[in-house]
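File shown: work15.pdb (PDB, C-alpha atoms).
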```
ATOM      1  CA  MET A   1      77.677 130.886 123.994
ATOM      2  CA  ARG A   2      80.771 132.866 123.116
ATOM      3  CA  CYS A   3      82.917 129.887 124.143
ATOM      4  CA  ALA A   4      81.094 127.445 121.840
ATOM      5  CA  VAL A   5      82.732 128.761 118.661
ATOM      6  CA  PRO A   6      86.294 128.850 120.017
ATOM      7  CA  LEU A   7      85.897 125.382 121.584
ATOM      8  CA  SER A   8      84.544 123.901 118.356
ATOM      9  CA  LEU A   9      87.388 125.525 116.430
ATOM     10  CA  VAL A  10      89.934 124.087 118.869
ATOM     11  CA  ALA A  11      88.297 120.664 118.610
ATOM     12  CA  ALA A  12      88.444 120.777 114.801
ATOM     13  CA  LEU A  13      92.109 121.809 114.823
ATOM     14  CA  VAL A  14      92.984 119.033 117.279
ATOM     15  CA  LEU A  15      91.231 116.463 115.090
ATOM     16  CA  CYS A  16      93.019 117.736 111.974
ATOM     17  CA  ALA A  17      96.374 117.633 113.738
ATOM     18  CA  CYS A  18      95.775 114.012 114.704
ATOM     19  CA  ALA A  19      94.938 112.942 111.157
ATOM     20  CA  THR A  20      97.772 111.052 109.470
ATOM     21  CA  PRO A  21      97.942 111.253 105.692
ATOM     22  CA  ASP A  22      98.272 108.046 103.695
ATOM     23  CA  PRO A  23     101.986 107.832 102.748
ATOM     24  CA  ALA A  24     101.082 106.262  99.402
ATOM     25  CA  ALA A  25      98.932 109.284  98.569
ATOM     26  CA  ALA A  26     101.507 111.842  99.698
ATOM     27  CA  PRO A  27     103.343 113.614  96.896
ATOM     28  CA  PRO A  28     107.036 112.788  96.638
ATOM     29  CA  SER A  29     109.104 115.189  98.711
ATOM     30  CA  ASP A  30     112.381 114.444  96.920
ATOM     31  CA  GLY A  31     111.503 116.393  93.765
ATOM     32  CA  MET A  32     111.374 113.205  91.719
ATOM     33  CA  ALA A  33     108.595 112.142  89.383
ATOM     34  CA  TRP A  34     107.782 109.672  86.630
ATOM     35  CA  ARG A  35     108.253 110.770  83.013
ATOM     36  CA  LEU A  36     106.817 108.810  80.101
ATOM     37  CA  THR A  37     108.583 109.245  76.772
ATOM     38  CA  PRO A  38     106.601 107.694  73.908
ATOM     39  CA  ALA A  39     108.467 105.806  71.203
ATOM     40  CA  ALA A  40     109.192 107.860  68.091
ATOM     41  CA  ASP A  41     110.959 106.991  64.839
ATOM     42  CA  GLY A  42     111.963 103.494  65.951
ATOM     43  CA  ASP A  43     113.119 104.579  69.411
ATOM     44  CA  GLU A  44     112.111 102.779  72.569
ATOM     45  CA  ALA A  45     109.284 103.923  74.811
ATOM     46  CA  LYS A  46     110.707 104.928  78.203
ATOM     47  CA  LEU A  47     109.273 105.419  81.652
ATOM     48  CA  ALA A  48     111.832 107.005  83.968
ATOM     49  CA  TYR A  49     111.663 107.988  87.637
ATOM     50  CA  GLY A  50     113.973 110.851  88.560
ATOM     51  CA  VAL A  51     114.406 114.592  88.841
ATOM     52  CA  PRO A  52     112.510 116.190  85.927
ATOM     53  CA  ASP A  53     114.609 117.688  83.113
ATOM     54  CA  THR A  54     117.900 116.260  84.451
ATOM     55  CA  ASP A  55     120.027 113.134  84.057
ATOM     56  CA  ASP A  56     119.279 112.220  87.696
ATOM     57  CA  VAL A  57     117.284 109.025  87.068
ATOM     58  CA  VAL A  58     116.698 106.431  89.795
ATOM     59  CA  LEU A  59     114.987 103.798  87.630
ATOM     60  CA  MET A  60     114.248 103.521  83.919
ATOM     61  CA  LEU A  61     111.958 101.089  82.135
ATOM     62  CA  ALA A  62     112.316 100.824  78.347
ATOM     63  CA  CYS A  63     110.731  98.739  75.588
ATOM     64  CA  ARG A  64     110.170  98.482  71.871
ATOM     65  CA  PRO A  65     106.425  98.961  71.333
ATOM     66  CA  GLY A  66     104.559  95.694  70.958
ATOM     67  CA  SER A  67     107.583  93.543  71.854
ATOM     68  CA  GLY A  68     106.414  92.540  75.335
ATOM     69  CA  ALA A  69     110.042  92.821  76.501
ATOM     70  CA  VAL A  70     111.016  95.423  79.119
ATOM     71  CA  GLN A  71     114.542  96.492  80.088
ATOM     72  CA  VAL A  72     114.938  97.755  83.682
ATOM     73  CA  THR A  73     117.952 100.004  84.359
ATOM     74  CA  THR A  74     119.275 101.586  87.550
ATOM     75  CA  THR A  75     122.594 102.173  89.311
ATOM     76  CA  ALA A  76     124.112 100.710  92.458
ATOM     77  CA  PRO A  77     127.310 101.166  94.494
ATOM     78  CA  THR A  78     128.300  97.551  93.726
ATOM     79  CA  ALA A  79     126.867  94.838  91.502
ATOM     80  CA  PRO A  80     124.128  92.891  93.297
ATOM     81  CA  ALA A  81     123.127  89.388  92.218
ATOM     82  CA  ARG A  82     119.489  90.262  91.521
ATOM     83  CA  LEU A  83     117.064  93.148  91.175
ATOM     84  CA  THR A  84     113.742  92.702  92.959
ATOM     85  CA  LEU A  85     110.654  94.571  91.741
ATOM     86  CA  ARG A  86     107.587  94.933  93.986
ATOM     87  CA  SER A  87     104.112  96.239  93.315
ATOM     88  CA  GLY A  88     101.626  95.521  96.084
ATOM     89  CA  SER A  89     101.917  91.818  96.895
ATOM     90  CA  ALA A  90     103.494  90.974  93.505
ATOM     91  CA  VAL A  91     107.246  90.364  93.676
ATOM     92  CA  SER A  92     109.677  89.544  90.869
ATOM     93  CA  SER A  93     113.349  88.700  91.351
ATOM     94  CA  LEU A  94     115.347  89.314  88.173
ATOM     95  CA  PRO A  95     118.920  88.309  87.295
ATOM     96  CA  ILE A  96     121.044  91.311  86.380
ATOM     97  CA  GLN A  97     123.893  92.328  84.140
ATOM     98  CA  SER A  98     126.166  95.129  85.295
ATOM     99  CA  GLU A  99     128.986  97.294  84.031
ATOM    100  CA  PRO A 100     130.853 100.298  85.433
ATOM    101  CA  ALA A 101     128.705 103.431  85.368
ATOM    102  CA  GLU A 102     130.087 106.136  83.081
ATOM    103  CA  ILE A 103     128.389 109.173  84.619
ATOM    104  CA  GLN A 104     128.815 108.407  88.322
ATOM    105  CA  SER A 105     130.658 105.993  90.579
ATOM    106  CA  GLY A 106     129.245 102.514  91.009
ATOM    107  CA  VAL A 107     127.714 100.203  88.443
ATOM    108  CA  LEU A 108     124.965 100.369  85.858
ATOM    109  CA  VAL A 109     122.509  97.554  86.570
ATOM    110  CA  GLU A 110     120.242  96.109  83.873
ATOM    111  CA  ALA A 111     117.605  93.407  84.066
ATOM    112  CA  ALA A 112     115.371  92.014  81.341
ATOM    113  CA  THR A 113     111.740  91.095  81.947
ATOM    114  CA  THR A 114     108.393  91.092  80.164
ATOM    115  CA  VAL A 115     105.014  92.767  80.527
ATOM    116  CA  ALA A 116     103.738  89.424  81.897
ATOM    117  CA  ASP A 117     106.100  89.763  84.881
ATOM    118  CA  PRO A 118     103.924  89.735  88.052
ATOM    119  CA  ALA A 119     105.365  92.976  89.459
ATOM    120  CA  LEU A 120     105.076  94.827  86.134
ATOM    121  CA  ALA A 121     101.524  93.580  85.602
ATOM    122  CA  ALA A 122     100.607  94.828  89.091
ATOM    123  CA  PHE A 123     102.442  98.113  88.384
ATOM    124  CA  ALA A 124     100.241  98.575  85.286
ATOM    125  CA  ARG A 125      97.133  98.156  87.459
ATOM    126  CA  THR A 126      98.186 100.183  90.523
ATOM    127  CA  GLY A 127     101.000 102.510  89.451
ATOM    128  CA  ALA A 128     102.905 101.539  92.615
ATOM    129  CA  LEU A 129     106.464 100.220  92.264
ATOM    130  CA  SER A 130     109.497  99.703  94.462
ATOM    131  CA  PHE A 131     112.757  97.914  93.860
ATOM    132  CA  ASP A 132     115.485  96.306  95.934
ATOM    133  CA  LEU A 133     119.161  95.951  95.064
ATOM    134  CA  GLY A 134     121.288  93.999  97.503
ATOM    135  CA  GLY A 135     119.141  94.947 100.489
ATOM    136  CA  ARG A 136     118.759  98.608  99.478
ATOM    137  CA  ALA A 137     115.010  99.113  98.991
ATOM    138  CA  THR A 138     113.677 102.145  97.120
ATOM    139  CA  ALA A 139     109.972 103.039  97.010
ATOM    140  CA  LEU A 140     108.831 105.206  94.118
ATOM    141  CA  ALA A 141     105.836 107.523  93.960
ATOM    142  CA  ALA A 142     102.793 105.930  92.332
ATOM    143  CA  ALA A 143     101.876 106.880  88.760
ATOM    144  CA  PRO A 144      98.885 104.757  87.703
ATOM    145  CA  ASP A 145      98.151 106.431  84.354
ATOM    146  CA  GLN A 146     101.762 106.476  83.162
ATOM    147  CA  ALA A 147     102.357 102.884  84.307
ATOM    148  CA  ARG A 148      99.260 101.648  82.485
ATOM    149  CA  ARG A 149     100.146 103.510  79.276
ATOM    150  CA  PHE A 150     103.768 102.324  79.312
ATOM    151  CA  VAL A 151     102.922  98.648  79.845
ATOM    152  CA  ALA A 152     100.149  98.846  77.218
ATOM    153  CA  THR A 153     102.643 100.303  74.715
ATOM    154  CA  CYS A 154     105.125  97.515  75.419
ATOM    155  CA  ALA A 155     102.453  94.832  75.139
ATOM    156  CA  GLY A 156     101.169  96.169  71.837
TER     157      GLY A 156
END
```

Using the file provided, produce a representation of the structure as structure tokens.
Amino acid sequence: MRCAVPLSLVAALVLCACATPDPAAAPPSDGMAWRLTPAADGDEAKLAYGVPDTDDVVLMLACRPGSGAVQVTTTAPTAPARLTLRSGSAVSSLPIQSEPAEIQSGVLVEAATTVADPALAAFARTGALSFDLGGRATALAAAPDQARRFVATCAG
């Protein structure tokens, strides 16, 4: 009987070691997170993904409350033709405008869309979002509550 406890412990550890966590549920390991900044005094509402309390932002969504319009901003090494947003099976390909980035090398990329955009509507439901610029895909950690609140603010 003395072997029953150690064998059951070994069996449990082996089973735990074989378990693979869901990557979508795993916390981001890059130190980045979503930050929702509510609109105040006529400013835009902003939802940014980056390193907290720094200017290191990978993607920013901004809108005037109730306008339905959303501005998507990121940076890239060179100006791509389009910015593709993905949330689950919803995909949106947006034309871009670009200009030289002031803070870092490369270009500042901006795309205009609306809250009715399929990828943004799915983002509001799931909190999952990724984007692609010229073949460079970037998956962002999910933030369902912040995504829902941001899109609701933009929609009015």

Draw an axis-aligned box over all listed atoms of region 96-111 of chain A, pad each side with 5 Å, and write its centre and edge lengths in Å, one decimal, as lines of an AutoDock Vina configuration file.
```
center_x = 124.2
center_y = 100.2
center_z = 87.0
size_x = 23.2
size_y = 27.9
size_z = 17.9
```

For Leu94 (chain A): contacts at 8 Å, all atoms listed in the file, fewer than 6 positions along chain excluded, given as a PDB file with C-alpha atoms, keeping the file's coordinate frame:
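Once written, selection39.pdb looks like this:
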```pdb
ATOM      1  CA  ARG A  82     119.489  90.262  91.521  1.00  0.00           C
ATOM      2  CA  LEU A  83     117.064  93.148  91.175  1.00  0.00           C
ATOM      3  CA  THR A  84     113.742  92.702  92.959  1.00  0.00           C
ATOM      4  CA  LEU A  85     110.654  94.571  91.741  1.00  0.00           C
ATOM      5  CA  ALA A 111     117.605  93.407  84.066  1.00  0.00           C
ATOM      6  CA  ALA A 112     115.371  92.014  81.341  1.00  0.00           C
ATOM      7  CA  THR A 113     111.740  91.095  81.947  1.00  0.00           C
TER       8      THR A 113
END
```

**Study point:** Shell of 10 Å around Glu110 (chain A), all atoms listed in the file, local chain residues under 4 positions omitted, as number ranges by chain
**Key:** A: 60-61, 71-75, 82-83, 94-99

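The environment of Ala147 (chain A) within 8 Å, counting only C-alpha atoms and disregarding residues fewer than 5 places along the same chain, consists of A:Leu47, A:Phe123, A:Ala124, A:Arg125, A:Thr126, A:Gly127.
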
Practice item. Determine the residue set returned by the PyMOL selection byres ((chain A and resi 154) around 10) for the present structure, and present it as a PyMOL selection string. Key: chain A and resi 39+44-46+62-70+114-115+149-153+155-156

What would the file look like if the residues just selected were written as a PDB file, in the frame of the given file with C-alpha atoms?
```pdb
ATOM      1  CA  ALA A  39     108.467 105.806  71.203  1.00  0.00           C
ATOM      2  CA  GLU A  44     112.111 102.779  72.569  1.00  0.00           C
ATOM      3  CA  ALA A  45     109.284 103.923  74.811  1.00  0.00           C
ATOM      4  CA  LYS A  46     110.707 104.928  78.203  1.00  0.00           C
ATOM      5  CA  ALA A  62     112.316 100.824  78.347  1.00  0.00           C
ATOM      6  CA  CYS A  63     110.731  98.739  75.588  1.00  0.00           C
ATOM      7  CA  ARG A  64     110.170  98.482  71.871  1.00  0.00           C
ATOM      8  CA  PRO A  65     106.425  98.961  71.333  1.00  0.00           C
ATOM      9  CA  GLY A  66     104.559  95.694  70.958  1.00  0.00           C
ATOM     10  CA  SER A  67     107.583  93.543  71.854  1.00  0.00           C
ATOM     11  CA  GLY A  68     106.414  92.540  75.335  1.00  0.00           C
ATOM     12  CA  ALA A  69     110.042  92.821  76.501  1.00  0.00           C
ATOM     13  CA  VAL A  70     111.016  95.423  79.119  1.00  0.00           C
ATOM     14  CA  THR A 114     108.393  91.092  80.164  1.00  0.00           C
ATOM     15  CA  VAL A 115     105.014  92.767  80.527  1.00  0.00           C
ATOM     16  CA  ARG A 149     100.146 103.510  79.276  1.00  0.00           C
ATOM     17  CA  PHE A 150     103.768 102.324  79.312  1.00  0.00           C
ATOM     18  CA  VAL A 151     102.922  98.648  79.845  1.00  0.00           C
ATOM     19  CA  ALA A 152     100.149  98.846  77.218  1.00  0.00           C
ATOM     20  CA  THR A 153     102.643 100.303  74.715  1.00  0.00           C
ATOM     21  CA  ALA A 155     102.453  94.832  75.139  1.00  0.00           C
ATOM     22  CA  GLY A 156     101.169  96.169  71.837  1.00  0.00           C
TER      23      GLY A 156
END
```

Exercise for review: Pull out every residue that the PyMOL selection byres ((chain A and resi 91) around 12) matches in the shown coordinates and put them as a PyMOL selection string.
Suggested key: chain A and resi 83-90+92-94+117-123+129-132

Point to revise | Coordinates-based distance that separates CA of Glu102 (chain A) from CA of Ala128 (chain A) (Å, one decimal) | key: 29.2 Å

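Counting from CA of Thr54 (chain A), the distance to CA of Gly31 (chain A) is 11.3 Å.
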
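In this structure, CA of Asp30 (chain A) sits 25.9 Å away from CA of Pro100 (chain A).
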
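Considering only C-alpha atoms, the residue among A:Ala76, A:Pro38, A:Ala81, A:Gln104 positioned nearest to Thr138 (chain A) is A:Ala76.
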
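Each of A:Thr37, A:Gly134, A:Ala139, A:Gly42 was compared to Val58 (chain A) using all atoms listed in the file, and A:Ala139 turns out to be the nearest.
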
Practice item. Within 7 Å of Met32 (chain A), counting only C-alpha atoms, which residues show up once you throw out same-chain ones fewer than 3 positions away? Write them as a VMD selection string, please. Key: chain A and resid 28 49 to 52

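Comparing A:Ala142, A:Ala116, A:Ala79, A:Ala48 by their smallest distance to Ala101 (chain A), the closest is A:Ala79 (using all atoms listed in the file).
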